[in-house]
file query04.tsv (TSV, C-alpha atoms)
chain	number	residue	atom	x	y	z
A	1	MET	CA	6.51	-4.85	-9.69
A	2	HIS	CA	6.07	-8.22	-7.97
A	3	GLU	CA	4.87	-10.47	-10.79
A	4	LEU	CA	6.28	-13.70	-9.37
A	5	GLY	CA	4.17	-13.57	-6.19
A	6	VAL	CA	1.12	-12.42	-8.10
A	7	THR	CA	1.51	-15.23	-10.63
A	8	GLN	CA	1.72	-17.81	-7.85
A	9	GLU	CA	-1.59	-16.47	-6.46
A	10	VAL	CA	-3.19	-16.68	-9.91
A	11	LEU	CA	-2.04	-20.28	-10.29
A	12	ASP	CA	-3.21	-21.25	-6.78
A	13	ILE	CA	-6.68	-19.76	-7.27
A	14	ALA	CA	-7.06	-21.38	-10.71
A	15	LEU	CA	-5.91	-24.82	-9.49
A	16	ASN	CA	-8.27	-24.60	-6.56
A	17	LYS	CA	-11.28	-23.81	-8.76
A	18	ALA	CA	-10.33	-26.51	-11.25
A	19	ARG	CA	-10.05	-29.07	-8.45
A	20	GLU	CA	-13.52	-28.11	-7.16
A	21	ALA	CA	-14.88	-28.67	-10.66
A	22	GLN	CA	-12.91	-31.95	-10.96
A	23	ALA	CA	-11.36	-30.70	-14.18
A	24	SER	CA	-8.43	-32.55	-15.70
A	25	ARG	CA	-6.82	-29.62	-17.44
A	26	ILE	CA	-6.87	-25.82	-17.35
A	27	THR	CA	-6.69	-24.39	-20.87
A	28	LYS	CA	-7.17	-20.69	-20.26
A	29	ILE	CA	-7.26	-18.15	-17.43
A	30	ASN	CA	-9.07	-14.88	-18.01
A	31	LEU	CA	-7.68	-12.01	-15.97
A	32	VAL	CA	-9.01	-8.49	-15.57
A	33	ILE	CA	-6.26	-6.02	-14.76
A	34	GLY	CA	-6.69	-2.28	-14.26
A	35	GLU	CA	-4.19	0.08	-15.79
A	36	MET	CA	-3.22	1.41	-12.35
A	37	SER	CA	-2.04	-2.00	-11.12
A	38	GLY	CA	1.33	-1.76	-12.84
A	39	ILE	CA	1.41	-5.48	-13.71
A	40	VAL	CA	3.40	-6.44	-16.82
A	41	ASP	CA	1.52	-9.08	-18.87
A	42	ASP	CA	4.57	-10.69	-20.49
A	43	SER	CA	6.25	-11.05	-17.17
A	44	VAL	CA	3.22	-12.82	-15.63
A	45	GLN	CA	3.04	-15.23	-18.58
A	46	PHE	CA	6.77	-15.92	-18.24
A	47	TYR	CA	6.50	-16.80	-14.55
A	48	PHE	CA	3.30	-18.74	-15.18
A	49	ASP	CA	4.95	-21.02	-17.72
A	50	PHE	CA	7.62	-21.78	-15.17
A	51	LEU	CA	5.42	-22.21	-12.10
A	52	SER	CA	2.72	-24.29	-13.80
A	53	GLN	CA	4.93	-26.83	-15.53
A	54	ASP	CA	4.15	-29.69	-13.13
A	55	SER	CA	0.45	-28.92	-12.76
A	56	ILE	CA	-2.78	-29.37	-14.72
A	57	ALA	CA	-2.44	-25.69	-15.71
A	58	ARG	CA	0.59	-26.49	-17.85
A	59	ASP	CA	0.23	-24.90	-21.30
A	60	ALA	CA	-2.72	-22.79	-20.17
A	61	ARG	CA	-3.01	-19.45	-21.92
A	62	LEU	CA	-3.37	-16.30	-19.89
A	63	SER	CA	-5.69	-13.71	-21.31
A	64	PHE	CA	-5.44	-10.16	-19.98
A	65	ARG	CA	-8.36	-7.78	-20.24
A	66	ARG	CA	-6.89	-4.37	-19.54
A	67	VAL	CA	-9.19	-1.79	-17.98
A	68	PRO	CA	-8.18	1.81	-18.70
A	69	MET	CA	-8.17	4.30	-15.90
A	70	GLN	CA	-11.43	6.20	-15.62
A	71	VAL	CA	-12.17	8.99	-13.20
A	72	ARG	CA	-15.29	10.94	-12.31
A	73	CYS	CA	-15.25	14.63	-11.50
A	74	ARG	CA	-16.72	15.10	-8.02
A	75	ARG	CA	-17.81	18.65	-8.88
A	76	CYS	CA	-19.79	18.17	-12.09
A	77	GLY	CA	-20.03	14.38	-12.37
A	78	PHE	CA	-18.35	14.16	-15.78
A	79	SER	CA	-16.47	10.87	-16.40
A	80	PHE	CA	-13.23	10.85	-18.38
A	81	SER	CA	-9.88	9.11	-18.87
A	82	PRO	CA	-7.16	11.42	-17.57
A	83	GLU	CA	-4.29	12.18	-19.87
A	84	LYS	CA	-0.80	11.80	-18.50
A	85	LEU	CA	-0.21	14.25	-15.68
A	86	ASP	CA	-3.43	16.19	-16.00
A	87	TRP	CA	-6.38	14.95	-13.99
A	88	SER	CA	-8.40	18.14	-14.21
A	89	CYS	CA	-11.93	17.81	-15.58
A	90	PRO	CA	-12.10	18.61	-19.32
A	91	LYS	CA	-15.61	19.98	-18.78
A	92	CYS	CA	-15.49	22.18	-15.66
A	93	LYS	CA	-11.66	22.41	-15.35
A	94	GLU	CA	-11.73	21.50	-11.64
A	95	TRP	CA	-9.24	18.99	-10.22
A	96	ASP	CA	-11.34	16.77	-7.97
A	97	ALA	CA	-11.26	13.29	-9.45
A	98	GLU	CA	-12.51	10.01	-8.05
A	99	VAL	CA	-11.08	6.86	-9.61
A	100	THR	CA	-13.97	4.73	-10.88
A	101	ALA	CA	-12.04	2.19	-12.98
A	102	GLY	CA	-8.46	1.07	-13.39
A	103	LYS	CA	-7.82	-0.62	-10.04
A	104	GLU	CA	-9.28	-4.02	-11.12
A	105	PHE	CA	-7.15	-6.99	-10.25
A	106	TYR	CA	-9.04	-10.26	-10.43
A	107	ILE	CA	-9.55	-13.59	-12.17
A	108	ASP	CA	-12.76	-13.42	-14.13
A	109	SER	CA	-12.96	-17.07	-15.17
A	110	ILE	CA	-11.01	-20.17	-16.09
A	111	GLU	CA	-11.57	-22.55	-18.98
A	112	VAL	CA	-11.11	-26.23	-18.29
A	113	ASP	CA	-11.47	-29.68	-19.85
B	1	MET	CA	-16.06	-25.59	-19.92
B	2	LYS	CA	-15.86	-22.10	-18.49
B	3	ILE	CA	-15.91	-21.58	-14.73
B	4	LYS	CA	-16.70	-18.14	-13.30
B	5	VAL	CA	-14.17	-17.22	-10.63
B	6	LEU	CA	-14.45	-13.47	-9.91
B	7	GLN	CA	-11.82	-13.65	-7.21
B	8	ASN	CA	-9.36	-10.88	-6.44
B	9	ILE	CA	-5.82	-12.05	-7.10
B	10	LEU	CA	-4.65	-10.64	-3.78
B	11	ASP	CA	-7.51	-12.25	-1.81
B	12	ALA	CA	-5.21	-14.41	0.29
B	13	ASN	CA	-3.28	-11.31	1.37
B	14	THR	CA	-6.45	-9.35	2.11
B	15	GLN	CA	-7.82	-12.14	4.30
B	16	MET	CA	-4.55	-12.38	6.21
B	17	ALA	CA	-4.58	-8.60	6.66
B	18	GLN	CA	-8.09	-8.77	8.12
B	19	LYS	CA	-6.88	-11.41	10.55
B	20	ASN	CA	-3.98	-9.17	11.58
B	21	GLN	CA	-6.33	-6.28	12.13
B	22	ARG	CA	-8.59	-8.36	14.37
B	23	LEU	CA	-5.56	-9.33	16.44
B	24	LEU	CA	-4.51	-5.68	16.72
B	25	ASP	CA	-8.06	-4.64	17.62
B	26	ASN	CA	-8.21	-7.27	20.36
B	27	HIS	CA	-5.10	-5.71	21.87
B	28	ARG	CA	-6.37	-2.16	21.23
B	29	ILE	CA	-3.28	-1.31	19.23
B	30	LEU	CA	-3.38	1.46	16.61
B	31	ALA	CA	-1.29	0.31	13.61
B	32	LEU	CA	0.05	2.63	10.92
B	33	ASN	CA	1.56	1.54	7.63
B	34	ILE	CA	4.26	4.08	6.75
B	35	MET	CA	5.02	4.15	3.03
B	36	ALA	CA	7.44	6.31	0.99
B	37	SER	CA	10.34	6.29	-1.42
B	38	PRO	CA	13.77	5.33	-0.08
B	39	GLY	CA	15.25	8.30	1.77
B	40	ALA	CA	12.01	10.24	2.26
B	41	GLY	CA	12.49	10.10	6.03
B	42	LYS	CA	10.27	7.25	7.26
B	43	THR	CA	12.67	6.14	9.98
B	44	SER	CA	13.49	9.73	10.95
B	45	LEU	CA	9.81	10.56	11.40
B	46	ILE	CA	9.27	7.42	13.49
B	47	LEU	CA	12.31	8.25	15.65
B	48	LYS	CA	11.15	11.83	16.20
B	49	THR	CA	7.64	10.61	17.05
B	50	ILE	CA	9.07	8.11	19.53
B	51	ALA	CA	11.13	10.84	21.20
B	52	ARG	CA	8.06	13.03	21.64
B	53	LEU	CA	5.48	10.40	22.64
B	54	LYS	CA	7.31	7.61	24.41
B	55	ASP	CA	6.69	8.96	27.92
B	56	LYS	CA	2.93	8.59	27.55
B	57	THR	CA	2.46	6.08	24.73
B	58	ARG	CA	3.90	2.58	24.40
B	59	ILE	CA	5.29	2.36	20.88
B	60	ALA	CA	6.61	-0.58	18.84
B	61	VAL	CA	7.96	-0.74	15.31
B	62	ILE	CA	8.02	-3.34	12.54
B	63	GLU	CA	10.84	-2.42	10.17
B	64	GLY	CA	10.62	-3.62	6.59
B	65	ASP	CA	13.76	-3.50	4.49
B	66	ILE	CA	15.13	-5.47	1.59
B	67	ALA	CA	18.28	-6.13	3.62
B	68	SER	CA	20.20	-4.98	6.74
B	69	THR	CA	19.18	-4.04	10.29
B	70	ILE	CA	20.38	-0.42	10.13
B	71	ASP	CA	16.92	1.07	10.70
B	72	ALA	CA	15.92	-1.47	13.35
B	73	ASP	CA	19.13	-0.71	15.26
B	74	ARG	CA	18.35	3.02	15.23
B	75	ILE	CA	14.88	2.33	16.66
B	76	SER	CA	16.16	-0.18	19.19
B	77	ASP	CA	18.64	2.42	20.51
B	78	GLN	CA	15.59	4.41	21.65
B	79	GLY	CA	14.50	1.56	23.92
B	80	VAL	CA	11.50	0.71	21.77
B	81	ALA	CA	10.47	-2.84	20.80
B	82	VAL	CA	11.33	-3.48	17.16
B	83	VAL	CA	11.08	-6.44	14.79
B	84	GLN	CA	13.05	-6.39	11.57
B	85	ILE	CA	11.62	-7.98	8.45
B	86	ASN	CA	14.10	-8.49	5.62
B	87	THR	CA	12.18	-9.15	2.45
B	88	GLY	CA	15.30	-10.47	0.68
B	89	GLY	CA	14.67	-8.48	-2.47
B	90	GLY	CA	10.88	-8.24	-2.14
B	91	CYS	CA	9.55	-4.79	-3.08
B	92	HIS	CA	6.86	-4.52	-0.39
B	93	LEU	CA	5.67	-5.99	2.90
B	94	ASP	CA	2.72	-8.35	2.81
B	95	ALA	CA	0.24	-9.42	5.47
B	96	ASN	CA	1.93	-12.77	6.02
B	97	MET	CA	5.26	-11.14	6.91
B	98	VAL	CA	3.48	-8.80	9.30
B	99	GLU	CA	1.69	-11.71	10.97
B	100	ASN	CA	5.05	-13.33	11.68
B	101	ALA	CA	6.38	-10.07	13.05
B	102	LEU	CA	3.33	-9.62	15.31
B	103	ASN	CA	4.04	-13.06	16.79
B	104	ASN	CA	7.40	-11.68	17.91
B	105	LEU	CA	6.01	-8.66	19.75
B	106	LYS	CA	4.47	-8.44	23.23
B	107	LEU	CA	1.12	-7.13	22.07
B	108	ASN	CA	-0.14	-6.46	25.59
B	109	GLU	CA	2.57	-3.85	25.99
B	110	ILE	CA	1.86	-1.76	22.87
B	111	ASP	CA	-0.44	1.21	22.19
B	112	LEU	CA	0.91	2.42	18.87
B	113	LEU	CA	2.56	0.30	16.19
B	114	PHE	CA	4.45	1.71	13.24
B	115	ILE	CA	4.94	-0.64	10.31
B	116	GLU	CA	7.67	0.87	8.16
B	117	ASN	CA	7.25	-0.47	4.64
B	118	VAL	CA	9.99	-1.07	2.08
B	119	GLY	CA	11.04	2.19	0.38
B	120	ASN	CA	8.93	2.19	-2.78
B	121	LEU	CA	6.06	4.39	-4.03
B	122	VAL	CA	4.45	1.66	-6.15
B	123	CYS	CA	4.01	-1.85	-4.77
B	124	PRO	CA	3.21	-1.26	-1.07
B	125	ALA	CA	-0.04	0.47	-2.10
B	126	ALA	CA	-1.48	-2.83	-3.34
B	127	PHE	CA	-0.91	-4.89	-0.19
B	128	ARG	CA	-2.97	-4.36	2.97
B	129	LEU	CA	-1.15	-5.43	6.12
B	130	GLY	CA	-3.87	-5.14	8.77
B	131	GLU	CA	-3.09	-1.51	9.52
B	132	HIS	CA	-5.75	0.99	10.62
B	133	LYS	CA	-4.24	3.91	8.75
B	134	ARG	CA	-1.99	4.19	5.74
B	135	VAL	CA	0.41	7.10	5.75
B	136	VAL	CA	2.41	8.14	2.70
B	137	LEU	CA	5.46	10.31	3.26
B	138	LEU	CA	6.76	12.54	0.50
B	139	SER	CA	9.90	14.60	0.95
B	140	VAL	CA	10.32	17.99	-0.68
B	141	PRO	CA	13.36	17.03	-2.85
B	142	GLU	CA	11.24	14.37	-4.61
B	143	GLY	CA	9.12	17.03	-6.32
B	144	ASP	CA	5.45	18.00	-6.28
B	145	ASP	CA	4.46	15.85	-9.29
B	146	LYS	CA	4.51	12.54	-7.39
B	147	PRO	CA	0.75	12.23	-6.70
B	148	ILE	CA	0.12	12.07	-10.43
B	149	LYS	CA	3.02	9.75	-11.18
B	150	TYR	CA	2.11	7.35	-8.36
B	151	PRO	CA	-1.65	7.88	-7.93
B	152	MET	CA	-2.42	4.57	-6.16
B	153	MET	CA	-0.24	5.53	-3.22
B	154	PHE	CA	-2.19	8.75	-2.74
B	155	THR	CA	-5.70	7.42	-3.42
B	156	GLU	CA	-5.21	4.54	-0.96
B	157	SER	CA	-3.83	6.52	1.99
B	158	GLU	CA	-5.54	8.23	4.90
B	159	ALA	CA	-2.71	10.67	5.57
B	160	VAL	CA	0.03	12.38	3.59
B	161	VAL	CA	3.10	13.77	5.35
B	162	ILE	CA	5.26	16.27	3.49
B	163	ASN	CA	8.71	15.92	5.04
B	164	LYS	CA	11.89	18.05	4.86
B	165	ILE	CA	10.02	21.35	4.65
B	166	ASP	CA	13.17	22.99	6.02
B	167	LEU	CA	14.60	22.51	2.50
B	168	MET	CA	11.74	24.37	0.85
B	169	PRO	CA	13.69	27.66	0.33
B	170	LEU	CA	16.35	25.79	-1.66
B	171	LEU	CA	14.04	23.89	-4.00
B	172	ASP	CA	11.24	24.45	-6.50
B	173	PHE	CA	8.63	22.40	-4.66
B	174	ASP	CA	5.22	24.05	-5.16
B	175	LEU	CA	3.37	23.24	-1.95
B	176	ASP	CA	-0.01	24.54	-3.12
B	177	ALA	CA	0.19	22.60	-6.37
B	178	PHE	CA	1.13	19.45	-4.46
B	179	LYS	CA	-1.77	19.81	-2.04
B	180	ARG	CA	-4.18	20.51	-4.88
B	181	LYS	CA	-3.15	17.29	-6.60
B	182	VAL	CA	-3.40	15.23	-3.44
B	183	ILE	CA	-6.81	16.61	-2.47
B	184	GLY	CA	-7.94	16.26	-6.09
B	185	LEU	CA	-7.25	12.52	-5.84
B	186	ASN	CA	-8.35	12.01	-2.26
B	187	PRO	CA	-10.45	14.79	-0.72
B	188	ASP	CA	-10.68	13.22	2.76
B	189	VAL	CA	-6.94	12.82	3.26
B	190	GLU	CA	-5.13	14.45	6.20
B	191	ILE	CA	-2.08	16.48	5.12
B	192	PHE	CA	0.80	17.32	7.43
B	193	GLN	CA	3.86	19.37	6.57
B	194	LEU	CA	6.87	19.01	8.81
B	195	SER	CA	10.57	18.49	9.14
B	196	ALA	CA	11.48	15.32	11.01
B	197	LYS	CA	14.98	16.76	11.32
B	198	THR	CA	14.20	20.13	12.92
B	199	GLY	CA	10.90	19.15	14.52
B	200	GLN	CA	9.09	22.00	12.75
B	201	GLY	CA	5.40	21.23	12.17
B	202	LEU	CA	5.46	18.05	14.24
B	203	ASP	CA	2.67	18.97	16.67
B	204	PRO	CA	-0.34	18.52	14.35
B	205	TRP	CA	1.03	15.08	13.37
B	206	LEU	CA	1.41	14.04	17.00
B	207	SER	CA	-2.06	15.36	17.86
B	208	TRP	CA	-3.54	13.37	14.99
B	209	LEU	CA	-1.87	10.16	16.21
B	210	GLU	CA	-3.16	10.73	19.72
B	211	ALA	CA	-6.67	11.50	18.47
B	212	GLU	CA	-6.69	8.34	16.31
B	213	LEU	CA	-5.50	6.25	19.22
B	214	LYS	CA	-8.19	7.72	21.45
B	215	SER	CA	-10.88	7.09	18.86
B	216	LEU	CA	-9.77	3.45	18.40
B	217	ARG	CA	-9.90	2.97	22.17
B	218	ALA	CA	-13.38	4.43	22.31
B	219	GLN	CA	-14.61	1.87	19.75
B	220	THR	CA	-13.06	-1.29	21.15

call {"tool": "encode", "arguments": {"input": "query04.tsv", "output": "structure tokens"}}
result
Amino acid sequence: MHELGVTQEVLDIALNKAREAQASRITKINLVIGEMSGIVDDSVQFYFDFLSQDSIARDARLSFRRVPMQVRCRRCGFSFSPEKLDWSCPKCKEWDAEVTAGKEFYIDSIEVD
Amino acid sequence: MKIKVLQNILDANTQMAQKNQRLLDNHRILALNIMASPGAGKTSLILKTIARLKDKTRIAVIEGDIASTIDADRISDQGVAVVQINTGGGCHLDANMVENALNNLKLNEIDLLFIENVGNLVCPAAFRLGEHKRVVLLSVPEGDDKPIKYPMMFTESEAVVINKIDLMPLLDFDLDAFKRKVIGLNPDVEIFQLSAKTGQGLDPWLSWLEAELKSLRAQT
């Protein structure tokens, strides 16, 4: 995907928040990433280590909370995690699914000194 | 110390996209983000649409490609305003690139703007550009399983165009199964089936564009 650009955004947002809080160092960034986003954790950490080296976020650890995809059947209301290529409802067998989780893509919090 | 952030990582892009949309609204321009795999027929559909609508609708195109001006040249040959964006390896257009492109168009002379995204069924879905409608194009040779392999593209779009239906007799594309999957993900989506090459099935697509343009004009 486009991890470099995404990582730059993560760093910018974190530095901004840390500056507002007059922090001297960012130690951890807690990210919430839905399964549908297609972001590769290792790749983000790799770019982060490079991009942050001259900033107060140097050596910060990125923590990824992965949110599995969850859909809700519009016919019977049953919620389930679809398996591979089958999104039909395990309960009523209809294929009419609304995505209710898995698109998350945000910074939950940062930890600073 | 822990600081709550709760900020979307793509916030900067979303805000820029909203700014683009306000600019487009002020000029009463209907903007469509055309997304598809490489070779699905994005440029061909735009060219065919230009040929059919250009007498009554002023059309402009923003062409996104990793490199080259091949597509922009094809559009420009039709006498339509076109701005080429080369992403230089980037896998999608973002709102900032589109803002720059908008600055290079005469917005007072446009009714309908096509933004042709980089050929890719993954990344463009995550980046709003300021468009009013997102259109995903899927060509018959790609297979009917794509909605499930690339769900974001289909859940985030307002219209799905099935292109190259003239090839249907040669291939195993199951049209009903495809539509069932698309509607199963996104029940409100508009579905068009056409051949940009032969012109078959083009009328409902053109009518939809004209209706959307009319409805935008009625609001603003």

call {"tool": "residues_around", "arguments": {"input": "query04.tsv", "residues": "Val40 in chain A", "least_positions_apart": "6", "cutoff": "12 Å", "atoms": "all atoms listed in the file", "output": "JSON list (two decimals) with C-alpha atoms, in the frame of the given file"}}
result
[["chain", "number", "residue", "atom", "x", "y", "z"],
["A", 1, "MET", "CA", 6.51, -4.85, -9.69],
["A", 2, "HIS", "CA", 6.07, -8.22, -7.97],
["A", 3, "GLU", "CA", 4.87, -10.47, -10.79],
["A", 4, "LEU", "CA", 6.28, -13.70, -9.37],
["A", 6, "VAL", "CA", 1.12, -12.42, -8.10],
["A", 7, "THR", "CA", 1.51, -15.23, -10.63],
["A", 33, "ILE", "CA", -6.26, -6.02, -14.76],
["A", 34, "GLY", "CA", -6.69, -2.28, -14.26],
["A", 46, "PHE", "CA", 6.77, -15.92, -18.24],
["A", 47, "TYR", "CA", 6.50, -16.80, -14.55],
["A", 64, "PHE", "CA", -5.44, -10.16, -19.98],
["A", 66, "ARG", "CA", -6.89, -4.37, -19.54]]

call {"tool": "closest_atom_pairs", "arguments": {"input": "query04.tsv", "of": "chain A", "to": "chain B", "cutoff": "6 Å", "atoms": "all atoms listed in the file", "output": "JSON lines"}}
result
{"residue": "A:Leu85", "atom": "CA", "partner": "B:Ile148", "partner_atom": "CA", "distance": 5.7}
{"residue": "A:Trp95", "atom": "CA", "partner": "B:Gly184", "partner_atom": "CA", "distance": 5.1}
{"residue": "A:Asp96", "atom": "CA", "partner": "B:Gly184", "partner_atom": "CA", "distance": 3.9}
{"residue": "A:Ala97", "atom": "CA", "partner": "B:Leu185", "partner_atom": "CA", "distance": 5.5}
{"residue": "A:Phe105", "atom": "CA", "partner": "B:Asn8", "partner_atom": "CA", "distance": 5.9}
{"residue": "A:Tyr106", "atom": "CA", "partner": "B:Asn8", "partner_atom": "CA", "distance": 4.1}
{"residue": "A:Ile107", "atom": "CA", "partner": "B:Leu6", "partner_atom": "CA", "distance": 5.4}
{"residue": "A:Asp108", "atom": "CA", "partner": "B:Leu6", "partner_atom": "CA", "distance": 4.5}
{"residue": "A:Ser109", "atom": "CA", "partner": "B:Lys4", "partner_atom": "CA", "distance": 4.3}
{"residue": "A:Ile110", "atom": "CA", "partner": "B:Ile3", "partner_atom": "CA", "distance": 5.3}
{"residue": "A:Glu111", "atom": "CA", "partner": "B:Lys2", "partner_atom": "CA", "distance": 4.3}
{"residue": "A:Val112", "atom": "CA", "partner": "B:Met1", "partner_atom": "CA", "distance": 5.3}

call {"tool": "residues_around", "arguments": {"input": "query04.tsv", "residues": "Leu24 in chain B", "least_positions_apart": "6", "cutoff": "12 Å", "atoms": "only C-alpha atoms", "output": "list in words"}}
result
Ala17, Gln18, Leu30, Ala31, Leu32, Val98, Glu99, Leu102, Asn103, Leu105, Lys106, Leu107, Asn108, Glu109, Ile110, Asp111, Leu112, Leu113, Leu129, Gly130, Glu131, His132, Leu216, Arg217 and Thr220 of chain B

call {"tool": "residues_around", "arguments": {"input": "query04.tsv", "residues": "Leu53 in chain B", "least_positions_apart": "6", "cutoff": "12 Å", "atoms": "all atoms listed in the file", "output": "number ranges by chain"}}
result
B: 46-47, 59-60, 78, 80, 111-112, 202-203, 205-207, 209-210

call {"tool": "atom_distance", "arguments": {"input": "query04.tsv", "atom1": "CA of Ile56 in chain A", "atom2": "CA of Glu35 in chain A"}}
result
29.5 Å
